[in-house]
file final-v6.cif (mmCIF, C-alpha atoms and all ligand atoms)
data_query
loop_
_atom_site.label_atom_id
_atom_site.label_comp_id
_atom_site.auth_asym_id
_atom_site.auth_seq_id
_atom_site.Cartn_x
_atom_site.Cartn_y
_atom_site.Cartn_z
CA MET A 184 -15.29 37.53 -27.96
CA THR A 185 -18.59 36.81 -26.29
CA THR A 186 -21.80 38.33 -27.54
CA PRO A 187 -24.62 39.22 -25.13
CA PHE A 188 -26.56 36.23 -26.44
CA GLU A 189 -24.01 33.61 -25.42
CA PRO A 190 -24.28 32.05 -21.99
CA ALA A 191 -21.91 33.61 -19.48
CA SER A 192 -20.12 30.33 -19.00
CA PRO A 193 -20.42 27.55 -21.54
CA PRO A 194 -21.54 24.18 -20.14
CA GLN A 195 -18.48 22.40 -18.84
CA GLU A 196 -17.53 18.89 -19.69
CA ILE A 197 -18.08 16.52 -16.76
CA ILE A 198 -14.89 15.16 -15.26
CA PRO A 199 -15.57 11.54 -14.30
CA LEU A 200 -14.09 9.83 -11.27
CA CYS A 201 -12.23 7.10 -13.10
CA VAL A 202 -12.77 5.78 -16.62
CA PRO A 203 -10.78 3.33 -18.77
CA SER A 204 -8.02 4.36 -21.12
CA ILE A 205 -7.93 2.15 -24.20
CA ARG A 206 -4.68 2.51 -26.13
CA GLY A 207 -2.01 0.76 -28.13
CA ASN A 208 -2.63 -2.72 -29.50
CA ALA A 209 -6.18 -3.07 -28.16
CA TRP A 210 -7.86 -2.82 -31.59
CA ASP A 211 -5.28 -5.05 -33.20
CA TYR A 212 -5.53 -7.83 -30.61
CA VAL A 213 -9.32 -7.79 -30.38
CA LYS A 214 -9.55 -7.87 -34.16
CA LYS A 215 -7.31 -10.95 -34.15
CA CYS A 216 -9.90 -12.74 -32.03
CA LEU A 217 -12.68 -11.72 -34.40
CA ASP A 218 -10.68 -12.67 -37.49
CA THR A 219 -9.66 -16.09 -36.14
CA ASN A 220 -13.01 -16.93 -34.50
CA TRP A 221 -11.23 -17.43 -31.13
CA VAL A 222 -13.68 -15.35 -29.14
CA SER A 223 -14.69 -17.55 -26.23
CA SER A 224 -13.18 -19.03 -23.10
CA VAL A 225 -10.32 -20.82 -24.81
CA GLY A 226 -7.63 -19.13 -26.88
CA PRO A 227 -4.07 -17.93 -27.04
CA PHE A 228 -4.77 -14.51 -25.49
CA VAL A 229 -6.08 -16.08 -22.27
CA ASP A 230 -2.81 -17.96 -21.77
CA ASP A 231 -0.77 -14.95 -22.82
CA PHE A 232 -2.67 -12.63 -20.48
CA GLU A 233 -2.15 -15.02 -17.57
CA LYS A 234 1.56 -15.19 -18.31
CA ARG A 235 1.87 -11.41 -18.47
CA VAL A 236 0.01 -10.78 -15.22
CA ALA A 237 1.88 -13.54 -13.38
CA GLU A 238 5.19 -12.08 -14.47
CA TYR A 239 4.24 -8.51 -13.68
CA SER A 240 2.83 -9.32 -10.27
CA GLY A 241 5.79 -11.47 -9.30
CA ALA A 242 3.92 -14.78 -9.05
CA ASP A 243 4.60 -18.13 -10.71
CA PHE A 244 1.04 -18.99 -11.75
CA ALA A 245 -2.08 -17.12 -12.80
CA VAL A 246 -5.66 -18.16 -13.52
CA ALA A 247 -7.91 -15.74 -15.39
CA THR A 248 -11.52 -15.35 -14.25
CA VAL A 249 -14.65 -13.51 -15.36
CA ASN A 250 -14.18 -10.83 -12.69
CA GLY A 251 -12.33 -10.04 -9.50
CA THR A 252 -15.17 -11.24 -7.29
CA SER A 253 -15.07 -14.73 -8.81
CA ALA A 254 -11.27 -14.78 -8.41
CA LEU A 255 -11.78 -14.12 -4.69
CA HIS A 256 -14.51 -16.73 -4.43
CA VAL A 257 -12.37 -19.42 -6.04
CA ALA A 258 -9.31 -18.37 -4.03
CA LEU A 259 -11.25 -19.00 -0.83
CA LEU A 260 -12.39 -22.43 -2.04
CA VAL A 261 -8.85 -23.29 -3.10
CA ALA A 262 -7.66 -22.24 0.35
CA GLY A 263 -9.95 -24.89 1.82
CA VAL A 264 -12.46 -22.47 3.33
CA GLU A 265 -15.56 -24.47 4.22
CA PRO A 266 -19.11 -23.51 5.16
CA GLY A 267 -19.14 -22.37 8.78
CA ASP A 268 -15.50 -21.27 8.82
CA GLU A 269 -14.59 -17.72 9.76
CA VAL A 270 -12.50 -15.51 7.49
CA LEU A 271 -10.90 -12.22 8.56
CA VAL A 272 -11.60 -9.40 6.07
CA SER A 273 -10.80 -5.68 5.96
CA THR A 274 -13.95 -3.79 6.92
CA LEU A 275 -12.94 -0.86 4.73
CA THR A 276 -13.40 -2.35 1.29
CA PHE A 277 -15.73 -2.72 -1.64
CA ILE A 278 -18.34 -5.31 -0.69
CA ALA A 279 -17.03 -7.91 -3.16
CA SER A 280 -14.27 -8.94 -0.72
CA ALA A 281 -16.82 -9.81 1.94
CA ASN A 282 -19.42 -11.23 -0.45
CA ALA A 283 -16.86 -13.74 -1.72
CA VAL A 284 -16.49 -15.03 1.84
CA ARG A 285 -20.26 -15.37 2.02
CA TYR A 286 -20.40 -17.23 -1.33
CA ALA A 287 -18.04 -19.80 0.20
CA GLY A 288 -20.53 -20.26 3.03
CA ALA A 289 -18.09 -18.74 5.49
CA ILE A 290 -18.55 -15.98 8.04
CA PRO A 291 -16.63 -12.73 7.63
CA VAL A 292 -14.95 -11.22 10.68
CA PHE A 293 -14.31 -7.57 9.98
CA ILE A 294 -10.98 -6.01 10.89
CA ASP A 295 -10.54 -2.27 11.28
CA ALA A 296 -8.11 -0.10 9.32
CA GLU A 297 -5.09 1.71 10.74
CA PRO A 298 -5.45 5.48 10.62
CA VAL A 299 -2.27 6.41 8.72
CA TYR A 300 -2.45 4.48 5.44
CA TRP A 301 -6.06 3.23 5.87
CA GLN A 302 -5.14 -0.44 5.42
CA MET A 303 -6.04 -3.51 7.53
CA ASP A 304 -4.45 -2.95 10.94
CA PRO A 305 -2.05 -5.81 11.79
CA GLN A 306 -2.41 -4.96 15.49
CA ARG A 307 -6.18 -5.50 15.29
CA VAL A 308 -5.57 -8.87 13.61
CA ARG A 309 -3.14 -9.83 16.35
CA ASP A 310 -5.58 -8.72 19.03
CA PHE A 311 -8.33 -10.85 17.54
CA VAL A 312 -6.13 -13.91 17.20
CA GLU A 313 -4.56 -13.60 20.64
CA LYS A 314 -7.59 -12.55 22.67
CA LYS A 315 -10.44 -14.33 20.94
CA CYS A 316 -8.85 -17.45 19.44
CA GLU A 317 -6.80 -20.51 20.29
CA LEU A 318 -4.75 -22.99 18.28
CA ARG A 319 -5.93 -26.59 18.48
CA GLN A 320 -3.90 -29.15 16.53
CA ASN A 321 -2.47 -26.30 14.47
CA GLN A 322 -5.91 -24.98 13.54
CA LEU A 323 -7.14 -21.64 14.74
CA PHE A 324 -10.52 -21.57 16.50
CA ASN A 325 -12.61 -18.65 17.68
CA LYS A 326 -13.17 -19.43 21.37
CA GLU A 327 -16.45 -17.46 21.49
CA THR A 328 -18.14 -18.97 18.45
CA GLY A 329 -16.34 -22.32 18.35
CA ARG A 330 -15.78 -21.83 14.63
CA ARG A 331 -12.58 -22.57 12.76
CA VAL A 332 -10.76 -19.49 11.42
CA ARG A 333 -9.32 -20.53 8.09
CA ALA A 334 -8.15 -17.52 6.09
CA ILE A 335 -7.43 -13.82 6.09
CA VAL A 336 -8.33 -11.43 3.27
CA PRO A 337 -6.44 -8.16 3.57
CA VAL A 338 -7.36 -5.60 0.90
CA HIS A 339 -4.80 -3.29 -0.68
CA VAL A 340 -7.20 -0.37 -0.33
CA LEU A 341 -7.01 2.27 -3.08
CA GLY A 342 -3.93 0.55 -4.49
CA HIS A 343 -1.74 1.11 -1.43
CA PRO A 344 -0.31 -2.17 -0.14
CA VAL A 345 -1.22 -3.35 3.34
CA ASP A 346 1.65 -4.09 5.70
CA ILE A 347 1.96 -7.52 4.12
CA GLN A 348 4.84 -8.88 6.19
CA ALA A 349 3.18 -8.06 9.49
CA ILE A 350 -0.03 -9.78 8.43
CA GLN A 351 1.73 -12.68 6.78
CA GLU A 352 3.63 -13.39 9.99
CA ILE A 353 0.41 -13.62 11.99
CA ALA A 354 -1.11 -15.79 9.26
CA ARG A 355 1.85 -18.19 9.30
CA GLN A 356 1.88 -18.48 13.08
CA ASN A 357 -1.80 -19.35 13.09
CA ASN A 358 -2.08 -21.51 10.00
CA LEU A 359 -4.26 -19.02 8.17
CA ILE A 360 -4.23 -18.87 4.38
CA MET A 361 -3.63 -15.31 3.23
CA ILE A 362 -5.61 -14.18 0.19
CA ALA A 363 -4.86 -10.59 -0.75
CA ASP A 364 -7.62 -8.63 -2.45
CA ALA A 365 -5.38 -6.76 -4.88
CA ALA A 366 -8.22 -5.62 -7.14
CA GLU A 367 -7.03 -2.01 -6.97
CA ALA A 368 -3.34 -2.72 -6.70
CA LEU A 369 -1.96 -4.28 -9.88
CA GLY A 370 1.45 -2.63 -10.19
CA ALA A 371 1.86 -1.90 -6.47
CA ARG A 372 4.99 -2.95 -4.62
CA TYR A 373 5.84 -3.81 -1.06
CA ARG A 374 9.43 -3.13 0.01
CA GLY A 375 10.39 -2.96 -3.65
CA GLN A 376 8.80 -6.28 -4.61
CA ALA A 377 5.65 -6.80 -6.67
CA ILE A 378 2.77 -7.62 -4.33
CA GLY A 379 1.81 -10.86 -6.12
CA GLN A 380 4.70 -12.71 -4.57
CA PHE A 381 3.39 -12.30 -1.02
CA GLY A 382 0.78 -14.35 0.76
CA ASP A 383 -0.75 -17.50 -0.65
CA ILE A 384 -2.99 -16.01 -3.35
CA SER A 385 -3.60 -12.51 -4.71
CA CYS A 386 -6.68 -11.50 -6.69
CA PHE A 387 -6.92 -8.78 -9.30
CA SER A 388 -9.85 -7.11 -11.04
CA PHE A 389 -10.02 -5.72 -14.57
CA ASN A 390 -13.34 -3.99 -14.18
CA GLY A 391 -13.77 -0.75 -16.14
CA ASN A 392 -12.73 1.54 -13.30
CA LYS A 393 -9.63 -0.41 -12.28
CA ILE A 394 -6.06 0.40 -13.21
CA ILE A 395 -6.29 -1.68 -16.39
CA THR A 396 -9.46 -3.16 -17.81
CA THR A 397 -10.78 -6.03 -19.90
CA GLY A 398 -14.31 -4.66 -19.76
CA GLY A 399 -14.88 -7.14 -16.98
CA GLY A 400 -12.37 -9.65 -15.76
CA GLY A 401 -10.22 -10.88 -12.94
CA MET A 402 -7.28 -13.08 -12.11
CA LEU A 403 -5.81 -14.92 -9.20
CA VAL A 404 -2.07 -15.41 -8.90
CA THR A 405 -0.12 -17.76 -6.65
CA ASN A 406 3.26 -19.41 -6.25
CA ASP A 407 1.64 -22.69 -5.25
CA PRO A 408 1.22 -25.06 -8.21
CA ALA A 409 -1.48 -27.07 -6.42
CA PHE A 410 -3.54 -23.93 -5.70
CA ALA A 411 -3.18 -22.88 -9.35
CA ALA A 412 -4.25 -26.27 -10.68
CA ARG A 413 -7.22 -26.41 -8.33
CA ALA A 414 -8.28 -22.87 -9.29
CA ARG A 415 -8.08 -23.73 -12.98
CA TYR A 416 -10.20 -26.82 -12.35
CA LEU A 417 -12.87 -25.01 -10.35
CA THR A 418 -13.12 -22.06 -12.76
CA THR A 419 -13.78 -24.41 -15.70
CA GLN A 420 -16.72 -26.38 -14.29
CA ALA A 421 -14.53 -29.00 -12.55
CA LYS A 422 -14.38 -31.17 -15.62
CA ASP A 423 -12.69 -34.50 -14.91
CA ASP A 424 -13.21 -36.08 -18.30
CA PRO A 425 -13.28 -33.69 -21.24
CA LEU A 426 -14.84 -36.25 -23.59
CA GLU A 427 -17.48 -37.87 -21.41
CA TYR A 428 -18.08 -34.72 -19.36
CA ILE A 429 -17.61 -36.36 -16.02
CA HIS A 430 -17.54 -34.03 -13.03
CA ASN A 431 -16.55 -35.27 -9.60
CA GLU A 432 -17.61 -32.08 -7.87
CA MET A 433 -19.26 -28.71 -8.32
CA GLY A 434 -17.35 -26.23 -10.43
CA PHE A 435 -18.03 -22.78 -11.83
CA ASN A 436 -18.15 -21.13 -15.24
CA TYR A 437 -15.64 -18.48 -14.24
CA ARG A 438 -13.19 -18.54 -17.15
CA LEU A 439 -12.31 -15.27 -18.88
CA THR A 440 -12.91 -15.13 -22.65
CA ASN A 441 -10.23 -14.75 -25.29
CA LEU A 442 -11.86 -11.48 -26.45
CA GLN A 443 -11.47 -9.97 -23.01
CA ALA A 444 -7.97 -11.37 -22.57
CA ALA A 445 -6.96 -9.78 -25.89
CA LEU A 446 -7.92 -6.40 -24.49
CA GLY A 447 -6.10 -7.38 -21.30
CA CYS A 448 -2.87 -8.15 -23.16
CA SER A 449 -2.91 -4.73 -24.76
CA GLN A 450 -3.63 -3.11 -21.40
CA MET A 451 -0.71 -4.94 -19.78
CA GLU A 452 1.55 -3.20 -22.30
CA GLU A 453 0.32 0.14 -20.93
CA LEU A 454 0.26 -0.76 -17.24
CA SER A 455 3.66 0.64 -16.21
CA SER A 456 2.91 3.97 -17.81
CA TYR A 457 -0.59 4.03 -16.28
CA VAL A 458 0.84 3.51 -12.82
CA GLU A 459 3.34 6.32 -13.41
CA ILE A 460 0.55 8.61 -14.63
CA LYS A 461 -1.59 7.78 -11.57
CA ARG A 462 1.36 8.48 -9.29
CA GLY A 463 1.90 11.77 -11.11
CA ILE A 464 -1.75 12.70 -10.61
CA ALA A 465 -1.38 11.90 -6.90
CA ALA A 466 1.79 13.99 -6.58
CA LEU A 467 0.14 16.98 -8.26
CA TYR A 468 -2.93 16.78 -6.00
CA ARG A 469 -0.75 16.43 -2.93
CA ASP A 470 1.30 19.52 -3.77
CA ALA A 471 -1.78 21.51 -4.69
CA PHE A 472 -3.55 20.75 -1.40
CA ALA A 473 -0.50 21.06 0.86
CA ASP A 474 -1.55 24.55 2.02
CA VAL A 475 -5.32 23.99 1.98
CA ASP A 476 -6.55 23.97 5.55
CA GLY A 477 -8.71 20.96 6.43
CA ILE A 478 -7.66 18.71 3.54
CA ARG A 479 -5.51 15.71 4.36
CA PRO A 480 -4.41 13.83 1.25
CA MET A 481 -3.69 10.11 1.42
CA ILE A 482 -0.02 9.34 1.91
CA GLU A 483 2.32 6.53 0.96
CA ALA A 484 4.17 4.43 3.52
CA PRO A 485 7.99 4.45 3.23
CA TRP A 486 7.85 0.73 2.36
CA ALA A 487 5.07 1.12 -0.19
CA PHE A 488 4.77 1.80 -3.88
CA SER A 489 1.09 2.58 -4.40
CA THR A 490 -0.87 2.59 -7.65
CA PHE A 491 -2.89 5.55 -6.29
CA TRP A 492 -5.90 3.96 -7.95
CA LEU A 493 -8.28 6.67 -6.71
CA PHE A 494 -6.65 9.68 -5.14
CA THR A 495 -8.47 10.29 -1.88
CA ILE A 496 -8.55 13.09 0.67
CA LEU A 497 -9.90 13.44 4.19
CA VAL A 498 -12.02 16.55 4.70
CA ASP A 499 -12.03 18.11 8.17
CA PRO A 500 -15.38 19.94 8.21
CA ASP A 501 -14.39 22.44 10.92
CA ARG A 502 -11.22 23.54 9.21
CA PHE A 503 -12.25 23.18 5.58
CA GLY A 504 -15.63 24.82 6.08
CA MET A 505 -17.80 21.98 4.78
CA ASN A 506 -17.91 18.22 5.20
CA SER A 507 -16.99 15.59 2.62
CA ARG A 508 -20.56 15.14 1.36
CA GLN A 509 -21.13 18.90 1.03
CA LEU A 510 -17.87 19.10 -0.89
CA LEU A 511 -19.04 16.22 -3.10
CA ARG A 512 -22.20 18.20 -3.96
CA GLU A 513 -20.29 21.42 -4.60
CA LEU A 514 -17.86 19.63 -6.90
CA SER A 515 -20.78 17.98 -8.66
CA LYS A 516 -22.32 21.42 -9.35
CA ARG A 517 -19.05 22.27 -11.06
CA GLY A 518 -19.19 19.15 -13.23
CA ILE A 519 -16.66 17.22 -11.19
CA GLN A 520 -17.41 13.70 -10.05
CA SER A 521 -16.11 12.56 -6.67
CA ARG A 522 -17.08 9.72 -4.36
CA PRO A 523 -16.94 8.75 -0.69
CA LEU A 524 -15.26 5.52 0.33
CA TRP A 525 -17.52 2.49 0.66
CA GLN A 526 -19.73 2.10 3.69
CA PRO A 527 -17.55 -0.13 5.88
CA MET A 528 -18.66 -3.75 5.91
CA HIS A 529 -19.38 -3.78 9.65
CA ARG A 530 -22.00 -1.07 8.94
CA SER A 531 -23.51 -2.72 5.88
CA PRO A 532 -27.17 -3.72 6.23
CA SER A 533 -26.30 -6.70 4.07
CA PHE A 534 -24.14 -8.02 6.94
CA ALA A 535 -26.54 -7.04 9.73
CA TYR A 536 -26.91 -10.73 10.65
CA LEU A 537 -23.34 -10.73 12.02
CA SER A 538 -22.51 -9.70 15.57
CA PRO A 539 -21.58 -6.02 15.67
CA ALA A 540 -17.93 -5.09 15.24
CA ASN A 541 -16.15 -2.06 16.64
CA CYS A 542 -14.13 -0.39 13.88
CA PRO A 543 -13.82 3.31 14.74
CA VAL A 544 -11.03 4.06 12.27
CA ALA A 545 -13.05 2.82 9.29
CA ASP A 546 -16.04 4.82 10.58
CA HIS A 547 -13.91 7.96 10.69
CA LEU A 548 -12.45 7.39 7.23
CA TYR A 549 -15.90 6.69 5.79
CA ALA A 550 -17.26 9.92 7.24
CA HIS A 551 -14.48 12.16 5.95
CA ALA A 552 -12.95 10.60 2.83
CA LEU A 553 -13.61 11.75 -0.71
CA SER A 554 -12.00 10.25 -3.82
CA LEU A 555 -11.19 12.70 -6.61
CA PRO A 556 -11.02 12.22 -10.39
CA SER A 557 -8.09 9.91 -11.12
CA SER A 558 -8.47 8.67 -14.69
CA VAL A 559 -5.29 7.98 -16.61
CA ASP A 560 -6.55 10.45 -19.24
CA LEU A 561 -7.49 13.14 -16.69
CA GLY A 562 -4.88 15.52 -18.12
CA ALA A 563 -5.63 19.23 -17.78
CA GLY A 564 -8.98 18.42 -16.15
CA GLN A 565 -7.00 17.97 -12.95
CA HIS A 566 -6.36 21.72 -12.77
CA ARG A 567 -10.10 22.32 -12.84
CA VAL A 568 -10.51 19.92 -9.91
CA ILE A 569 -7.71 21.60 -7.98
CA GLU A 570 -9.02 25.11 -8.64
CA ALA A 571 -12.56 24.13 -7.65
CA LEU A 572 -11.41 22.61 -4.40
CA ARG A 573 -9.12 25.52 -3.55
CA ASP A 574 -11.94 27.97 -4.30
CA LEU A 575 -14.28 26.09 -2.01
CA SER A 576 -11.89 26.02 0.93
CA ARG A 577 -12.81 28.26 3.86
CA ARG A 578 -9.70 30.36 3.56
CA ASN A 579 -10.50 31.31 -0.02
CA THR A 580 -14.12 31.92 0.86
CA VAL A 581 -13.08 34.27 3.66
CA ILE A 582 -10.60 36.12 1.47
CA ALA A 583 -13.20 36.42 -1.27
CA ARG A 584 -15.58 38.08 1.18
C1 LIG B 1 -13.34 -3.91 -7.85
C2 LIG B 1 -13.07 -4.63 -6.61
C3 LIG B 1 -13.42 -5.97 -6.45
C4 LIG B 1 -14.29 -6.75 -7.41
O1 LIG B 1 -13.83 -6.83 -8.68
P1 LIG B 1 -14.90 -7.13 -9.87
O2 LIG B 1 -14.00 -7.37 -11.02
O3 LIG B 1 -15.71 -5.89 -10.01
O4 LIG B 1 -15.69 -8.31 -9.49
C5 LIG B 1 -13.07 -6.61 -5.27
N1 LIG B 1 -12.43 -5.96 -4.31
C6 LIG B 1 -12.08 -4.66 -4.40
C7 LIG B 1 -11.35 -4.02 -3.29
C8 LIG B 1 -12.41 -3.94 -5.55
O5 LIG B 1 -12.09 -2.65 -5.63
#
call {"tool": "encode", "arguments": {"input": "final-v6.cif", "output": "structure tokens", "more": "lines below"}}
Ligand SMILES: *Cc1c(COP(=O)(O)O)cnc(C)c1O
result
Amino acid sequence: MTTPFEPASPPQEIIPLCVPSIRGNAWDYVKKCLDTNWVSSVGPFVDDFEKRVAEYSGADFAVATVNGTSALHVALLVAGVEPGDEVLVSTLTFIASANAVRYAGAIPVFIDAEPVYWQMDPQRVRDFVEKKCELRQNQLFNKETGRRVRAIVPVHVLGHPVDIQAIQEIARQNNLIMIADAAEALGARYRGQAIGQFGDISCFSFNGNKIITTGGGGMLVTNDPAFAARARYLTTQAKDDPLEYIHNEMGFNYRLTNLQAALGCSQMEELSSYVEIKRGIAALYRDAFADVDGIRPMIEAPWAFSTFWLFTILVDPDRFGMNSRQLLRELSKRGIQSRPLWQPMHRSPSFAYLSPANCPVADHLYAHALSLPSSVDLGAGQHRVIEALRDLSRRNTVIAR
């Protein structure tokens, strides 16, 4: 019973976009680090975490890093990317993918997305390679810039795998190393197989908003023992003599700590169920929006098993009655956090020094996409999101009038 003195509607809890879910053995494992004094960048949990991620992602080797960005950076160095090289990167991505290329002194070449699953478009890659480049002594060169093209970094955007085989084939034919940015895609599969077994190297992130978290952390996985050894060397300051501290080249302090890896081990035990929960969230959203005019939910390719990291919709302003940013503000008023996709890299002021790229699909997706709350612990909050969005749709507004 409400009295006249109570507010008409009590303040609602804010539903965040995506927050971690800490469960299971996390406390136990972290406490073990504290109790044994193994808290830093050496320790049994680091090795164990690497083993677990390698196994889960279908790769032979894994090297843990302080975050996903450093995993990408080291992957590029391991791939032999040198200053002045060009590297093909998805334009529709979080900026870390492109920044890593820049850290290696290389020049990103941005590739547009395809419009159906929003991933790097293999046809655009082929067009670039065939129209703009030539092979000289089995090395690909950009005919316009004269630069060597060394690697390709497709991103599994929002946890949905790119068409790996199509891109891998182009990479093989042109001697490009393929480094997949799988930061959002741990647990995803391509034609039934874990994504870590494709390409030369895959990189994961365990940032707080990713599918599992170590607070901050990353990992690169590969089937190539030489790549793995080189990555381990570079991430631990390139130490050539552990007693005399002799270093033959420049390395990095990129090694994950045992404390973080302990959390990671516990999270790996939850991963399968998290992926199932995320897929369940996606299925519920998809059903709920099937009859909402002007909302197009993301879909899954027949050959894909997506993690549905952040469930994302496209908002058609004419049919829905408001655009994606207006919807974001309306949801925010109702205590619901949502977010557009990232400004595509070819539009980023931080890459304004590059020659302009034409990526109309990414532009379209950026204008219309909105990611909805997708936390593993979202639970009944999802019904509030669905109701809010259905209420805001033009059809409901018209009926209400
Ligand atoms: C999160 C993310 C990264 C970076 O990972 P960090 O661990 O935050 O450094 C890189 N690429 C993509 C696509 C990401 O979503």
call {"tool": "closest_residue", "arguments": {"input": "final-v6.cif", "among": "A:Asp364, A:Glu459, A:Glu196, A:Asp268", "to": "A:Ile394", "atoms": "only C-alpha atoms"}}
result
A:Glu459
call {"tool": "residues_around", "arguments": {"input": "final-v6.cif", "residues": "stretch 346-357 of chain A", "least_positions_apart": "2", "cutoff": "8 Å", "atoms": "only C-alpha atoms", "output": "number ranges by chain"}}
result
A: 302-303, 305, 308-309, 318, 321-323, 334-335, 344, 359-361, 373, 381-382
call {"tool": "residues_around", "arguments": {"input": "final-v6.cif", "residues": "A:Gly463", "least_positions_apart": "2", "cutoff": "12 Å", "atoms": "all atoms listed in the file", "output": "list in words"}}
result
Ser456, Tyr457, Val458, Glu459, Ile460, Lys461, Ala465, Ala466, Leu467, Tyr468, Arg469, Asp470, Ser489, Thr490, Phe491, Trp492, Phe494, Ser557, Ser558, Val559, Asp560, Leu561, Gly562 and Gln565 of chain A
call {"tool": "residues_near_ligand", "arguments": {"input": "final-v6.cif", "ligand": "ligand LIG 1 (chain B)", "cutoff": "9 Å", "atoms": "all atoms listed in the file", "output": "tab-separated table (two decimals) with C-alpha atoms, in the frame of the given file"}}
result
chain	number	residue	atom	x	y	z
A	248	THR	CA	-11.52	-15.35	-14.25
A	249	VAL	CA	-14.65	-13.51	-15.36
A	250	ASN	CA	-14.18	-10.83	-12.69
A	251	GLY	CA	-12.33	-10.04	-9.50
A	252	THR	CA	-15.17	-11.24	-7.29
A	253	SER	CA	-15.07	-14.73	-8.81
A	254	ALA	CA	-11.27	-14.78	-8.41
A	255	LEU	CA	-11.78	-14.12	-4.69
A	275	LEU	CA	-12.94	-0.86	4.73
A	276	THR	CA	-13.40	-2.35	1.29
A	277	PHE	CA	-15.73	-2.72	-1.64
A	278	ILE	CA	-18.34	-5.31	-0.69
A	279	ALA	CA	-17.03	-7.91	-3.16
A	280	SER	CA	-14.27	-8.94	-0.72
A	281	ALA	CA	-16.82	-9.81	1.94
A	283	ALA	CA	-16.86	-13.74	-1.72
A	338	VAL	CA	-7.36	-5.60	0.90
A	339	HIS	CA	-4.80	-3.29	-0.68
A	340	VAL	CA	-7.20	-0.37	-0.33
A	341	LEU	CA	-7.01	2.27	-3.08
A	342	GLY	CA	-3.93	0.55	-4.49
A	364	ASP	CA	-7.62	-8.63	-2.45
A	365	ALA	CA	-5.38	-6.76	-4.88
A	366	ALA	CA	-8.22	-5.62	-7.14
A	367	GLU	CA	-7.03	-2.01	-6.97
A	368	ALA	CA	-3.34	-2.72	-6.70
A	386	CYS	CA	-6.68	-11.50	-6.69
A	387	PHE	CA	-6.92	-8.78	-9.30
A	388	SER	CA	-9.85	-7.11	-11.04
A	389	PHE	CA	-10.02	-5.72	-14.57
A	390	ASN	CA	-13.34	-3.99	-14.18
A	391	GLY	CA	-13.77	-0.75	-16.14
A	392	ASN	CA	-12.73	1.54	-13.30
A	393	LYS	CA	-9.63	-0.41	-12.28
A	399	GLY	CA	-14.88	-7.14	-16.98
A	400	GLY	CA	-12.37	-9.65	-15.76
A	401	GLY	CA	-10.22	-10.88	-12.94
A	402	MET	CA	-7.28	-13.08	-12.11
call {"tool": "closest_atom_pairs", "arguments": {"input": "final-v6.cif", "of": "stretch 319-420 of chain A", "to": "stretch 221-241 of chain A", "cutoff": "8 Å", "atoms": "all atoms listed in the file", "output": "JSON lines"}}
result
{"residue": "A:Leu369", "atom": "CA", "partner": "A:Ser240", "partner_atom": "CA", "distance": 7.0}
{"residue": "A:Gly370", "atom": "CA", "partner": "A:Ser240", "partner_atom": "CA", "distance": 6.8}
{"residue": "A:Gln376", "atom": "CA", "partner": "A:Gly241", "partner_atom": "CA", "distance": 7.6}
{"residue": "A:Ala377", "atom": "CA", "partner": "A:Ser240", "partner_atom": "CA", "distance": 5.2}
{"residue": "A:Ile378", "atom": "CA", "partner": "A:Ser240", "partner_atom": "CA", "distance": 6.2}
{"residue": "A:Gly379", "atom": "CA", "partner": "A:Ser240", "partner_atom": "CA", "distance": 4.5}
{"residue": "A:Gln380", "atom": "CA", "partner": "A:Gly241", "partner_atom": "CA", "distance": 5.0}
{"residue": "A:Met402", "atom": "CA", "partner": "A:Glu233", "partner_atom": "CA", "distance": 7.7}
{"residue": "A:Val404", "atom": "CA", "partner": "A:Ala237", "partner_atom": "CA", "distance": 6.3}
call {"tool": "decode", "arguments": {"input": "final-v6.cif", "residues": "stretch 365-378 of chain A", "atoms": "C-alpha atoms", "output": "compact mmCIF listing (two decimals), in the first residue's frame"}}
result
# COMPACT_ATOMS: atom_id res chain seq x y z
CA ALA A 365 39.32 -12.03 -30.03
CA ALA A 366 39.00 -9.73 -27.01
CA GLU A 367 35.21 -10.09 -27.03
CA ALA A 368 35.05 -13.63 -28.28
CA LEU A 369 36.48 -16.09 -25.76
CA GLY A 370 34.13 -19.06 -26.10
CA ALA A 371 33.08 -18.31 -29.69
CA ARG A 372 33.27 -20.97 -32.36
CA TYR A 373 33.68 -21.00 -36.10
CA ARG A 374 32.15 -23.96 -37.93
CA GLY A 375 32.01 -25.81 -34.63
CA GLN A 376 35.65 -25.23 -33.71
CA ALA A 377 37.00 -22.92 -31.03
CA ILE A 378 38.29 -19.74 -32.67
